[in-house]
$ cat work.cif   # mmCIF, C-alpha atoms, pLDDT in the B column; chains and numbers go by the auth columns
data_work
loop_
_atom_site.group_PDB
_atom_site.id
_atom_site.type_symbol
_atom_site.label_atom_id
_atom_site.label_comp_id
_atom_site.label_asym_id
_atom_site.label_seq_id
_atom_site.Cartn_x
_atom_site.Cartn_y
_atom_site.Cartn_z
_atom_site.B_iso_or_equiv
_atom_site.auth_seq_id
_atom_site.auth_asym_id
ATOM 1 C CA MET A 1 126.530 152.887 63.633 84.00 1224 A
ATOM 2 C CA THR A 2 125.422 149.319 64.206 84.00 1225 A
ATOM 3 C CA LEU A 3 125.918 147.869 67.674 85.00 1226 A
ATOM 4 C CA GLU A 4 124.271 144.509 67.144 87.00 1227 A
ATOM 5 C CA GLU A 5 122.682 142.644 64.253 93.00 1228 A
ATOM 6 C CA ARG A 6 120.274 139.723 63.922 95.00 1229 A
ATOM 7 C CA CYS A 7 119.004 138.238 60.691 97.00 1230 A
ATOM 8 C CA ILE A 8 115.854 136.156 60.169 97.00 1231 A
ATOM 9 C CA PRO A 9 115.182 134.460 56.821 98.00 1232 A
ATOM 10 C CA VAL A 10 111.555 134.848 55.720 97.00 1233 A
ATOM 11 C CA LYS A 11 109.821 132.367 53.462 96.00 1234 A
ATOM 12 C CA VAL A 12 106.659 131.012 55.134 95.00 1235 A
ATOM 13 C CA ASP A 13 104.065 132.454 57.523 93.00 1236 A
ATOM 14 C CA LEU A 14 105.756 130.951 60.590 94.00 1237 A
ATOM 15 C CA ASP A 15 108.809 133.133 59.832 97.00 1238 A
ATOM 16 C CA ILE A 16 106.641 136.248 60.243 96.00 1239 A
ATOM 17 C CA VAL A 17 106.047 135.284 63.873 95.00 1240 A
ATOM 18 C CA LEU A 18 109.736 134.441 64.448 96.00 1241 A
ATOM 19 C CA ALA A 19 110.829 137.791 62.989 97.00 1242 A
ATOM 20 C CA ARG A 20 108.435 139.836 65.093 96.00 1243 A
ATOM 21 C CA VAL A 21 109.284 137.942 68.296 96.00 1244 A
ATOM 22 C CA GLU A 22 113.008 138.612 67.679 97.00 1245 A
ATOM 23 C CA GLY A 23 112.187 142.242 66.936 97.00 1246 A
ATOM 24 C CA ARG A 24 110.207 142.648 70.107 97.00 1247 A
ATOM 25 C CA ASN A 25 112.971 141.008 72.149 97.00 1248 A
ATOM 26 C CA LEU A 26 115.604 143.346 70.734 97.00 1249 A
ATOM 27 C CA ALA A 27 113.321 146.369 71.252 97.00 1250 A
ATOM 28 C CA LYS A 28 112.779 145.322 74.860 97.00 1251 A
ATOM 29 C CA GLU A 29 116.515 144.821 75.455 97.00 1252 A
ATOM 30 C CA LEU A 30 117.142 148.296 74.050 96.00 1253 A
ATOM 31 C CA GLY A 31 114.733 149.796 76.567 97.00 1254 A
ATOM 32 C CA PHE A 32 111.674 150.525 74.422 98.00 1255 A
ATOM 33 C CA GLY A 33 108.369 150.673 76.338 97.00 1256 A
ATOM 34 C CA THR A 34 105.536 148.226 75.700 96.00 1257 A
ATOM 35 C CA ILE A 35 103.698 150.461 73.217 97.00 1258 A
ATOM 36 C CA ASP A 36 106.820 151.020 71.121 98.00 1259 A
ATOM 37 C CA GLN A 37 107.609 147.285 71.358 98.00 1260 A
ATOM 38 C CA ALA A 38 104.145 146.575 69.935 97.00 1261 A
ATOM 39 C CA ARG A 39 104.623 149.209 67.192 97.00 1262 A
ATOM 40 C CA ILE A 40 107.958 147.666 66.184 98.00 1263 A
ATOM 41 C CA ALA A 41 106.618 144.082 66.311 98.00 1264 A
ATOM 42 C CA THR A 42 103.552 145.062 64.265 97.00 1265 A
ATOM 43 C CA ALA A 43 105.678 146.889 61.675 97.00 1266 A
ATOM 44 C CA ILE A 44 107.903 143.797 61.305 97.00 1267 A
ATOM 45 C CA SER A 45 104.805 141.635 60.946 96.00 1268 A
ATOM 46 C CA GLU A 46 103.460 143.815 58.121 95.00 1269 A
ATOM 47 C CA LEU A 47 106.795 143.945 56.283 96.00 1270 A
ATOM 48 C CA ALA A 48 107.520 140.223 56.642 96.00 1271 A
ATOM 49 C CA ARG A 49 103.996 139.372 55.493 93.00 1272 A
ATOM 50 C CA ASN A 50 104.601 141.297 52.255 92.00 1273 A
ATOM 51 C CA VAL A 51 107.603 139.018 51.641 94.00 1274 A
ATOM 52 C CA VAL A 52 105.521 135.873 52.225 93.00 1275 A
ATOM 53 C CA LEU A 53 102.665 137.204 50.065 91.00 1276 A
ATOM 54 C CA TYR A 54 104.590 138.587 47.127 91.00 1277 A
ATOM 55 C CA ALA A 55 108.132 137.216 46.996 93.00 1278 A
ATOM 56 C CA PRO A 56 109.688 133.742 46.852 93.00 1279 A
ATOM 57 C CA GLU A 57 111.851 134.611 49.827 95.00 1280 A
ATOM 58 C CA GLY A 58 113.503 137.378 51.742 97.00 1281 A
ATOM 59 C CA LYS A 59 114.952 138.329 55.099 97.00 1282 A
ATOM 60 C CA VAL A 60 114.502 140.664 58.007 98.00 1283 A
ATOM 61 C CA THR A 61 117.598 142.207 59.535 98.00 1284 A
ATOM 62 C CA LEU A 62 117.319 143.778 62.979 98.00 1285 A
ATOM 63 C CA ARG A 63 119.957 146.200 64.170 97.00 1286 A
ATOM 64 C CA ALA A 64 120.603 148.092 67.356 97.00 1287 A
ATOM 65 C CA ILE A 65 121.825 151.444 66.073 97.00 1288 A
ATOM 66 C CA ILE A 66 123.208 154.695 67.398 95.00 1289 A
ATOM 67 C CA SER A 67 122.892 158.006 65.532 93.00 1290 A
ATOM 68 C CA ASP A 68 125.641 160.609 65.017 92.00 1291 A
ATOM 69 C CA ASN A 69 124.260 162.611 67.931 91.00 1292 A
ATOM 70 C CA GLY A 70 124.187 159.631 70.236 93.00 1293 A
ATOM 71 C CA GLU A 71 120.505 158.592 70.031 94.00 1294 A
ATOM 72 C CA ARG A 72 119.899 154.885 70.328 96.00 1295 A
ATOM 73 C CA GLY A 73 117.343 153.052 68.267 97.00 1296 A
ATOM 74 C CA ILE A 74 116.335 150.010 66.299 98.00 1297 A
ATOM 75 C CA GLU A 75 116.568 149.528 62.564 98.00 1298 A
ATOM 76 C CA VAL A 76 114.569 146.918 60.680 98.00 1299 A
ATOM 77 C CA VAL A 77 115.519 146.106 57.103 98.00 1300 A
ATOM 78 C CA CYS A 78 113.183 143.849 55.198 97.00 1301 A
ATOM 79 C CA GLU A 79 114.411 142.807 51.765 97.00 1302 A
ATOM 80 C CA ASP A 80 113.090 140.341 49.230 96.00 1303 A
ATOM 81 C CA THR A 81 113.782 138.980 45.773 94.00 1304 A
ATOM 82 C CA GLY A 82 110.203 139.537 44.683 92.00 1305 A
ATOM 83 C CA PRO A 83 108.735 141.248 41.623 93.00 1306 A
ATOM 84 C CA GLY A 84 109.318 144.788 42.916 92.00 1307 A
ATOM 85 C CA ILE A 85 106.677 147.507 43.154 91.00 1308 A
ATOM 86 C CA ALA A 86 105.567 149.203 39.924 87.00 1309 A
ATOM 87 C CA ASP A 87 103.880 152.217 41.503 86.00 1310 A
ATOM 88 C CA VAL A 88 105.291 153.184 44.883 87.00 1311 A
ATOM 89 C CA GLU A 89 102.896 156.114 45.326 87.00 1312 A
ATOM 90 C CA LEU A 90 99.946 153.771 44.872 87.00 1313 A
ATOM 91 C CA VAL A 91 101.087 151.202 47.480 86.00 1314 A
ATOM 92 C CA MET A 92 101.637 154.000 49.975 89.00 1315 A
ATOM 93 C CA GLN A 93 97.932 154.891 49.802 85.00 1316 A
ATOM 94 C CA ASP A 94 95.695 153.549 52.540 82.00 1317 A
ATOM 95 C CA GLY A 95 93.492 150.758 51.331 78.00 1318 A
ATOM 96 C CA TYR A 96 95.360 149.851 48.144 75.00 1319 A
ATOM 97 C CA SER A 97 96.114 146.130 47.882 74.00 1320 A
ATOM 98 C CA THR A 98 96.755 143.598 45.130 70.00 1321 A
ATOM 99 C CA SER A 99 96.132 140.702 47.510 67.00 1322 A
ATOM 100 C CA SER A 100 93.262 139.944 49.828 58.00 1323 A
ATOM 101 C CA GLY A 101 94.866 142.117 52.510 61.00 1324 A
ATOM 102 C CA LEU A 102 93.584 145.346 53.959 60.00 1325 A
ATOM 103 C CA GLY A 103 96.073 147.468 52.074 64.00 1326 A
ATOM 104 C CA MET A 104 97.243 149.072 55.303 73.00 1327 A
ATOM 105 C CA GLY A 105 100.650 147.318 55.433 84.00 1328 A
ATOM 106 C CA LEU A 106 103.084 149.893 54.052 91.00 1329 A
ATOM 107 C CA PRO A 107 101.308 153.169 54.926 92.00 1330 A
ATOM 108 C CA GLY A 108 100.441 151.707 58.338 92.00 1331 A
ATOM 109 C CA THR A 109 104.046 150.646 58.941 95.00 1332 A
ATOM 110 C CA LYS A 110 105.199 154.157 58.072 95.00 1333 A
ATOM 111 C CA ARG A 111 102.842 155.603 60.700 95.00 1334 A
ATOM 112 C CA LEU A 112 104.040 153.139 63.353 96.00 1335 A
ATOM 113 C CA MET A 113 107.731 153.960 62.916 97.00 1336 A
ATOM 114 C CA ASP A 114 109.838 157.168 63.008 97.00 1337 A
ATOM 115 C CA GLU A 115 111.645 156.691 59.685 97.00 1338 A
ATOM 116 C CA PHE A 116 110.634 154.798 56.564 97.00 1339 A
ATOM 117 C CA GLU A 117 112.577 154.212 53.335 96.00 1340 A
ATOM 118 C CA LEU A 118 111.519 152.098 50.392 95.00 1341 A
ATOM 119 C CA GLU A 119 113.773 150.985 47.532 95.00 1342 A
ATOM 120 C CA THR A 120 112.366 148.795 44.811 94.00 1343 A
ATOM 121 C CA GLU A 121 113.308 147.606 41.347 94.00 1344 A
ATOM 122 C CA LEU A 122 110.985 145.691 39.037 94.00 1345 A
ATOM 123 C CA GLY A 123 112.094 142.086 38.627 94.00 1346 A
ATOM 124 C CA VAL A 124 114.813 142.468 41.261 95.00 1347 A
ATOM 125 C CA GLY A 125 113.143 143.011 44.611 95.00 1348 A
ATOM 126 C CA THR A 126 112.138 145.408 47.333 95.00 1349 A
ATOM 127 C CA LYS A 127 113.936 146.708 50.386 97.00 1350 A
ATOM 128 C CA VAL A 128 112.158 148.556 53.147 97.00 1351 A
ATOM 129 C CA THR A 129 114.121 150.152 55.978 98.00 1352 A
ATOM 130 C CA VAL A 130 112.365 151.468 59.075 98.00 1353 A
ATOM 131 C CA ARG A 131 113.764 152.950 62.272 98.00 1354 A
ATOM 132 C CA LYS A 132 112.468 153.832 65.696 98.00 1355 A
ATOM 133 C CA TRP A 133 114.448 155.989 68.107 98.00 1356 A
ATOM 134 C CA LEU A 134 114.442 155.777 71.882 96.00 1357 A
ATOM 135 C CA LYS A 135 113.016 158.971 73.304 89.00 1358 A
ATOM 136 C CA MET B 1 104.217 121.892 59.976 59.00 271 B
ATOM 137 C CA GLU B 2 102.252 121.342 63.150 68.00 272 B
ATOM 138 C CA VAL B 3 99.369 123.756 63.481 72.00 273 B
ATOM 139 C CA PRO B 4 98.546 124.652 67.086 75.00 274 B
ATOM 140 C CA ARG B 5 94.832 124.599 67.969 84.00 275 B
ATOM 141 C CA ILE B 6 93.055 126.965 70.301 90.00 276 B
ATOM 142 C CA PRO B 7 90.590 125.452 72.790 92.00 277 B
ATOM 143 C CA ILE B 8 87.007 126.610 72.362 95.00 278 B
ATOM 144 C CA LEU B 9 84.992 126.301 75.589 95.00 279 B
ATOM 145 C CA GLN B 10 81.241 126.190 75.948 94.00 280 B
ATOM 146 C CA ILE B 11 79.488 127.859 78.890 91.00 281 B
ATOM 147 C CA GLU B 12 75.703 127.563 78.713 89.00 282 B
ATOM 148 C CA ASP B 13 74.705 129.070 75.355 92.00 283 B
ATOM 149 C CA TYR B 14 78.010 130.790 74.795 95.00 284 B
ATOM 150 C CA LEU B 15 81.366 129.857 73.374 96.00 285 B
ATOM 151 C CA VAL B 16 84.562 131.313 74.788 96.00 286 B
ATOM 152 C CA ALA B 17 87.898 131.152 72.994 96.00 287 B
ATOM 153 C CA SER B 18 91.017 132.784 74.336 95.00 288 B
ATOM 154 C CA ILE B 19 94.070 133.141 72.113 93.00 289 B
ATOM 155 C CA GLN B 20 97.085 132.373 74.298 89.00 290 B
ATOM 156 C CA MET B 21 99.832 132.073 71.704 87.00 291 B
ATOM 157 C CA ALA B 22 101.357 133.929 68.793 86.00 292 B
ATOM 158 C CA LEU B 23 99.354 132.678 65.835 88.00 293 B
ATOM 159 C CA HIS B 24 100.873 132.318 62.408 90.00 294 B
ATOM 160 C CA ASP B 25 98.506 132.838 59.489 91.00 295 B
ATOM 161 C CA THR B 26 97.735 129.162 58.865 91.00 296 B
ATOM 162 C CA ALA B 27 96.860 128.590 62.535 92.00 297 B
ATOM 163 C CA ALA B 28 94.736 131.751 62.624 93.00 298 B
ATOM 164 C CA THR B 29 92.769 130.731 59.541 93.00 299 B
ATOM 165 C CA ARG B 30 92.295 127.222 60.949 94.00 300 B
ATOM 166 C CA PHE B 31 91.057 128.785 64.197 95.00 301 B
ATOM 167 C CA ARG B 32 88.434 130.785 62.281 96.00 302 B
ATOM 168 C CA ASP B 33 87.198 127.624 60.579 96.00 303 B
ATOM 169 C CA ASP B 34 87.155 125.688 63.901 95.00 304 B
ATOM 170 C CA LEU B 35 85.130 128.486 65.520 96.00 305 B
ATOM 171 C CA LEU B 36 82.512 128.538 62.775 97.00 306 B
ATOM 172 C CA ALA B 37 82.211 124.742 62.916 97.00 307 B
ATOM 173 C CA ARG B 38 81.734 124.859 66.707 96.00 308 B
ATOM 174 C CA ILE B 39 79.108 127.590 66.401 97.00 309 B
ATOM 175 C CA TYR B 40 77.203 125.409 63.943 96.00 310 B
ATOM 176 C CA GLU B 41 77.520 122.289 66.141 96.00 311 B
ATOM 177 C CA THR B 42 76.600 123.941 69.439 96.00 312 B
ATOM 178 C CA LYS B 43 74.069 126.501 68.097 95.00 313 B
ATOM 179 C CA ALA B 44 75.733 128.987 70.448 95.00 314 B
ATOM 180 C CA ARG B 45 73.939 132.313 70.807 95.00 315 B
ATOM 181 C CA GLY B 46 77.100 134.205 71.484 96.00 316 B
ATOM 182 C CA LEU B 47 80.861 133.994 71.170 97.00 317 B
ATOM 183 C CA ILE B 48 83.531 135.709 73.218 97.00 318 B
ATOM 184 C CA LEU B 49 86.884 136.051 71.516 96.00 319 B
ATOM 185 C CA ASP B 50 89.367 136.939 74.226 96.00 320 B
ATOM 186 C CA LEU B 51 92.577 138.659 73.099 95.00 321 B
ATOM 187 C CA THR B 52 94.010 139.423 76.576 93.00 322 B
ATOM 188 C CA ALA B 53 97.173 137.413 75.899 93.00 323 B
ATOM 189 C CA VAL B 54 97.684 138.708 72.353 94.00 324 B
ATOM 190 C CA ASP B 55 100.510 141.227 72.149 92.00 325 B
ATOM 191 C CA VAL B 56 100.464 141.900 68.398 94.00 326 B
ATOM 192 C CA VAL B 57 97.411 142.345 66.188 94.00 327 B
ATOM 193 C CA ASP B 58 98.650 143.102 62.701 93.00 328 B
ATOM 194 C CA SER B 59 96.427 143.879 59.725 90.00 329 B
ATOM 195 C CA PHE B 60 96.026 140.163 58.941 91.00 330 B
ATOM 196 C CA LEU B 61 94.775 139.210 62.403 93.00 331 B
ATOM 197 C CA ALA B 62 92.614 142.338 62.523 92.00 332 B
ATOM 198 C CA ARG B 63 90.959 141.381 59.256 91.00 333 B
ATOM 199 C CA LEU B 64 90.487 137.818 60.462 93.00 334 B
ATOM 200 C CA THR B 65 88.873 139.057 63.680 94.00 335 B
ATOM 201 C CA GLY B 66 86.467 141.232 61.705 93.00 336 B
ATOM 202 C CA ASP B 67 85.754 138.297 59.396 93.00 337 B
ATOM 203 C CA ILE B 68 84.956 136.016 62.352 95.00 338 B
ATOM 204 C CA ALA B 69 82.490 138.569 63.738 95.00 339 B
ATOM 205 C CA ALA B 70 80.856 139.044 60.338 94.00 340 B
ATOM 206 C CA MET B 71 80.673 135.319 59.529 95.00 341 B
ATOM 207 C CA ALA B 72 79.354 134.343 62.975 96.00 342 B
ATOM 208 C CA GLY B 73 76.858 137.213 62.652 94.00 343 B
ATOM 209 C CA LEU B 74 75.582 135.740 59.395 95.00 344 B
ATOM 210 C CA MET B 75 75.012 132.480 61.238 95.00 345 B
ATOM 211 C CA GLY B 76 73.030 134.317 63.921 94.00 346 B
ATOM 212 C CA THR B 77 75.695 134.311 66.631 96.00 347 B
ATOM 213 C CA THR B 78 76.721 137.530 68.340 96.00 348 B
ATOM 214 C CA VAL B 79 80.461 138.074 68.826 96.00 349 B
ATOM 215 C CA VAL B 80 82.180 140.194 71.455 97.00 350 B
ATOM 216 C CA ILE B 81 85.953 140.738 71.416 97.00 351 B
ATOM 217 C CA THR B 82 87.453 141.180 74.871 97.00 352 B
ATOM 218 C CA GLY B 83 90.740 142.142 76.467 96.00 353 B
ATOM 219 C CA LEU B 84 92.456 144.231 73.798 95.00 354 B
ATOM 220 C CA GLN B 85 95.684 145.435 75.408 95.00 355 B
ATOM 221 C CA PRO B 86 96.426 149.189 75.378 96.00 356 B
ATOM 222 C CA GLU B 87 99.377 148.732 73.009 96.00 357 B
ATOM 223 C CA VAL B 88 97.228 146.685 70.653 95.00 358 B
ATOM 224 C CA ALA B 89 94.585 149.432 70.627 95.00 359 B
ATOM 225 C CA VAL B 90 97.302 152.028 69.859 95.00 360 B
ATOM 226 C CA THR B 91 98.881 150.030 67.032 95.00 361 B
ATOM 227 C CA LEU B 92 95.514 149.177 65.436 94.00 362 B
ATOM 228 C CA VAL B 93 94.507 152.834 65.261 93.00 363 B
ATOM 229 C CA GLU B 94 97.942 153.950 63.994 93.00 364 B
ATOM 230 C CA LEU B 95 97.968 151.140 61.467 91.00 365 B
ATOM 231 C CA GLY B 96 94.645 152.508 60.246 88.00 366 B
ATOM 232 C CA VAL B 97 92.679 149.351 60.909 86.00 367 B
ATOM 233 C CA GLU B 98 89.128 149.865 62.088 81.00 368 B
ATOM 234 C CA LEU B 99 87.304 146.911 63.525 84.00 369 B
ATOM 235 C CA LYS B 100 84.050 148.132 62.023 80.00 370 B
ATOM 236 C CA GLY B 101 80.911 146.496 63.328 80.00 371 B
ATOM 237 C CA VAL B 102 82.829 144.552 65.967 91.00 372 B
ATOM 238 C CA THR B 103 81.654 144.844 69.581 94.00 373 B
ATOM 239 C CA THR B 104 84.463 144.997 72.124 96.00 374 B
ATOM 240 C CA ALA B 105 84.536 144.877 75.919 96.00 375 B
ATOM 241 C CA LEU B 106 87.306 145.567 78.418 96.00 376 B
ATOM 242 C CA ASN B 107 87.451 142.069 79.867 95.00 377 B
ATOM 243 C CA LEU B 108 85.772 138.688 79.905 93.00 378 B
ATOM 244 C CA GLU B 109 83.264 139.635 82.609 94.00 379 B
ATOM 245 C CA LYS B 110 82.115 142.773 80.824 96.00 380 B
ATOM 246 C CA GLY B 111 82.106 140.789 77.586 95.00 381 B
ATOM 247 C CA ILE B 112 79.678 138.220 78.973 93.00 382 B
ATOM 248 C CA ALA B 113 77.487 141.038 80.313 94.00 383 B
ATOM 249 C CA ALA B 114 77.500 142.730 76.893 94.00 384 B
ATOM 250 C CA LEU B 115 76.671 139.465 75.178 93.00 385 B
ATOM 251 C CA ARG B 116 73.749 138.817 77.562 92.00 386 B
ATOM 252 C CA ARG B 117 72.385 142.284 76.841 93.00 387 B
ATOM 253 C CA MET B 118 72.807 141.851 73.104 91.00 388 B
ATOM 254 C CA VAL B 119 71.079 138.492 72.880 89.00 389 B
ATOM 255 C CA GLY B 120 68.309 139.796 75.109 80.00 390 B
ATOM 256 C CA GLU B 121 68.779 137.604 78.162 63.00 391 B
ATOM 257 C CA GLY B 122 69.240 140.581 80.451 48.00 392 B
ATOM 258 C CA LYS B 123 65.551 141.352 80.069 48.00 393 B
ATOM 259 C CA HIS B 124 64.384 138.161 81.753 48.00 394 B
ATOM 260 C CA PRO B 125 66.483 137.511 84.861 44.00 395 B
#

$ encode --input "work.cif" --output "structure tokens"
Amino acid sequence: MTLEERCIPVKVDLDIVLARVEGRNLAKELGFGTIDQARIATAISELARNVVLYAPEGKVTLRAIISDNGERGIEVVCEDTGPGIADVELVMQDGYSTSSGLGMGLPGTKRLMDEFELETELGVGTKVTVRKWLK
Amino acid sequence: MEVPRIPILQIEDYLVASIQMALHDTAATRFRDDLLARIYETKARGLILDLTAVDVVDSFLARLTGDIAAMAGLMGTTVVITGLQPEVAVTLVELGVELKGVTTALNLEKGIAALRRMVGEGKHP
């Protein structure tokens, strides 16, 4: 269930900073500690950067969520209208990159968060959903 | 778009730059170029890059930091990174980013001491 929702359009590198600042603020409001705040902000940074690098535009949606058994958490959905990912297994490997990046973005983001889902369609776009639960 | 600039201070033979704001990629890349230009101008023997006020180091900024150390090293200037916050250290390791070949110190004071040792000044007080 969604309690609150904020949406940040992502097109240029400045938007990456805006998205992660909003994400950190929401995480802080929800009661996440500083290390989890940094994990969430870093994950948003990695996801939003993929949009800027590979897609014409996209958006980051931040949600305060509550699970069926009452756990509270944060959900970050990053979706773009980019080219999509041809080989998902390959991009989830550490060190694989088609840009000048480190290739740690997606596998690193998965390690930083509790849940990670990736949906992609060639020529349509990519949607990554990550969640972190308050413990 | 206005690109914020980070002050680069000179103390004796060293340069000190402290990042005090959230840098977007363009500003971070500009900062790298500014630093290298200042190293060339001042012939600094060492550079302290202070990250005390930085709350997020993503893979881009991590790569840039490593690049700065490597590029300054090629020019003959030793770089020490100081003040990495605990949460930044945690996220860098979880992200899988290793700052290979980069010297780090807990704070500015220890950073200066490390730099002095590395450039050999400690031997002649």

$ closest_residue --input "work.cif" --among "A:Met1224, A:Ile1288, A:Val1353, A:Val1275" --to "chain B" --atoms "all atoms listed in the file"
A:Val1275

$ closest_residue --input "work.cif" --among "B:Gly353, B:Gly366, B:Gly316, B:Gly346" --to "Lys380 in chain B" --atoms "all atoms listed in the file"
B:Gly353

$ closest_atom_pairs --input "work.cif" --of "chain B" --to "chain A" --cutoff "8 Å" --atoms "all atoms listed in the file" --output "tab-separated table"
residue	atom	partner	partner_atom	distance
B:Ala292	CA	A:Val1240	CA	6.9
B:Leu293	CA	A:Val1240	CA	7.4
B:His294	CA	A:Leu1237	CA	5.4
B:Asp295	CA	A:Asp1236	CA	5.9
B:Thr296	CA	A:Asp1236	CA	7.3
B:Asp325	CA	A:Ala1261	CA	6.8
B:Val326	CA	A:Thr1265	CA	6.1
B:Val327	CA	A:Thr1265	CA	7.0
B:Asp328	CA	A:Thr1265	CA	5.5
B:Ser329	CA	A:Leu1325	CA	6.6
B:Phe330	CA	A:Gly1324	CA	6.8
B:Arg333	CA	A:Leu1325	CA	7.1
B:Pro356	CA	A:Ile1258	CA	7.7
B:Glu357	CA	A:Ile1258	CA	4.7
B:Val358	CA	A:Ala1261	CA	7.0
B:Val360	CA	A:Ile1258	CA	7.4
B:Thr361	CA	A:Arg1262	CA	5.8
B:Glu364	CA	A:Arg1334	CA	6.1
B:Leu365	CA	A:Gly1331	CA	4.0
B:Gly366	CA	A:Gly1331	CA	6.2
B:Val367	CA	A:Met1327	CA	7.2

$ atom_distance --input "work.cif" --atom1 "CA of Arg275 in chain B" --atom2 "CA of Ile338 in chain B"
16.1 Å

$ atom_distance --input "work.cif" --atom1 "CA of Thr1304 in chain A" --atom2 "CA of Leu1270 in chain A"
13.6 Å

$ residues_near_point --input "work.cif" --point "(92.4, 134.7, 61.4)" --cutoff "8 Å" --atoms "only C-alpha atoms" --output "PyMOL selection string"
chain B and resi 295+297-302+330-335+337-338

$ decode --input "work.cif" --residues "range 1302-1358 of chain A" --atoms "C-alpha atoms" --output "PDB file, in the first residue's frame"
ATOM      1  CA  GLU A1302      11.476   4.139 -15.508  1.00  0.00           C
ATOM      2  CA  ASP A1303      12.677   5.394 -18.859  1.00  0.00           C
ATOM      3  CA  THR A1304      11.757   5.415 -22.524  1.00  0.00           C
ATOM      4  CA  GLY A1305      15.212   4.262 -23.544  1.00  0.00           C
ATOM      5  CA  PRO A1306      16.362   1.445 -25.821  1.00  0.00           C
ATOM      6  CA  GLY A1307      15.756  -1.314 -23.261  1.00  0.00           C
ATOM      7  CA  ILE A1308      18.305  -3.916 -22.182  1.00  0.00           C
ATOM      8  CA  ALA A1309      19.086  -6.758 -24.601  1.00  0.00           C
ATOM      9  CA  ASP A1310      20.782  -9.072 -22.113  1.00  0.00           C
ATOM     10  CA  VAL A1311      19.617  -8.620 -18.537  1.00  0.00           C
ATOM     11  CA  GLU A1312      21.930 -11.323 -17.175  1.00  0.00           C
ATOM     12  CA  LEU A1313      24.918  -9.513 -18.656  1.00  0.00           C
ATOM     13  CA  VAL A1314      24.089  -6.091 -17.139  1.00  0.00           C
ATOM     14  CA  MET A1315      23.640  -7.719 -13.747  1.00  0.00           C
ATOM     15  CA  GLN A1316      27.283  -8.848 -13.800  1.00  0.00           C
ATOM     16  CA  ASP A1317      29.784  -6.732 -11.911  1.00  0.00           C
ATOM     17  CA  GLY A1318      31.983  -4.740 -14.212  1.00  0.00           C
ATOM     18  CA  TYR A1319      29.897  -4.964 -17.385  1.00  0.00           C
ATOM     19  CA  SER A1320      29.262  -1.567 -18.978  1.00  0.00           C
ATOM     20  CA  THR A1321      28.492  -0.203 -22.434  1.00  0.00           C
ATOM     21  CA  SER A1322      29.414   3.324 -21.359  1.00  0.00           C
ATOM     22  CA  SER A1323      32.490   4.701 -19.677  1.00  0.00           C
ATOM     23  CA  GLY A1324      31.029   3.790 -16.282  1.00  0.00           C
ATOM     24  CA  LEU A1325      32.305   1.255 -13.808  1.00  0.00           C
ATOM     25  CA  GLY A1326      29.594  -1.250 -14.602  1.00  0.00           C
ATOM     26  CA  MET A1327      28.632  -1.459 -10.941  1.00  0.00           C
ATOM     27  CA  GLY A1328      25.314   0.434 -11.269  1.00  0.00           C
ATOM     28  CA  LEU A1329      22.682  -2.307 -11.429  1.00  0.00           C
ATOM     29  CA  PRO A1330      24.402  -5.131  -9.501  1.00  0.00           C
ATOM     30  CA  GLY A1331      25.597  -2.564  -6.948  1.00  0.00           C
ATOM     31  CA  THR A1332      22.095  -1.124  -6.567  1.00  0.00           C
ATOM     32  CA  LYS A1333      20.746  -4.624  -5.981  1.00  0.00           C
ATOM     33  CA  ARG A1334      23.254  -5.138  -3.152  1.00  0.00           C
ATOM     34  CA  LEU A1335      22.367  -1.793  -1.551  1.00  0.00           C
ATOM     35  CA  MET A1336      18.625  -2.477  -1.418  1.00  0.00           C
ATOM     36  CA  ASP A1337      16.416  -5.277   0.001  1.00  0.00           C
ATOM     37  CA  GLU A1338      14.363  -5.954  -3.140  1.00  0.00           C
ATOM     38  CA  PHE A1339      15.186  -5.426  -6.799  1.00  0.00           C
ATOM     39  CA  GLU A1340      13.010  -5.958  -9.885  1.00  0.00           C
ATOM     40  CA  LEU A1341      13.903  -5.163 -13.466  1.00  0.00           C
ATOM     41  CA  GLU A1342      11.466  -5.049 -16.390  1.00  0.00           C
ATOM     42  CA  THR A1343      12.726  -4.124 -19.816  1.00  0.00           C
ATOM     43  CA  GLU A1344      11.550  -4.250 -23.407  1.00  0.00           C
ATOM     44  CA  LEU A1345      13.746  -3.485 -26.406  1.00  0.00           C
ATOM     45  CA  GLY A1346      12.742  -0.227 -28.070  1.00  0.00           C
ATOM     46  CA  VAL A1347      10.234   0.574 -25.324  1.00  0.00           C
ATOM     47  CA  GLY A1348      12.150   1.208 -22.124  1.00  0.00           C
ATOM     48  CA  THR A1349      13.284  -0.065 -18.769  1.00  0.00           C
ATOM     49  CA  LYS A1350      11.693  -0.017 -15.347  1.00  0.00           C
ATOM     50  CA  VAL A1351      13.621  -0.817 -12.209  1.00  0.00           C
ATOM     51  CA  THR A1352      11.837  -1.116  -8.871  1.00  0.00           C
ATOM     52  CA  VAL A1353      13.789  -1.297  -5.621  1.00  0.00           C
ATOM     53  CA  ARG A1354      12.602  -1.391  -2.021  1.00  0.00           C
ATOM     54  CA  LYS A1355      14.138  -1.018   1.396  1.00  0.00           C
ATOM     55  CA  TRP A1356      12.283  -1.991   4.558  1.00  0.00           C
ATOM     56  CA  LEU A1357      12.604  -0.393   7.968  1.00  0.00           C
ATOM     57  CA  LYS A1358      14.022  -2.914  10.396  1.00  0.00           C
TER      58      LYS A1358
END
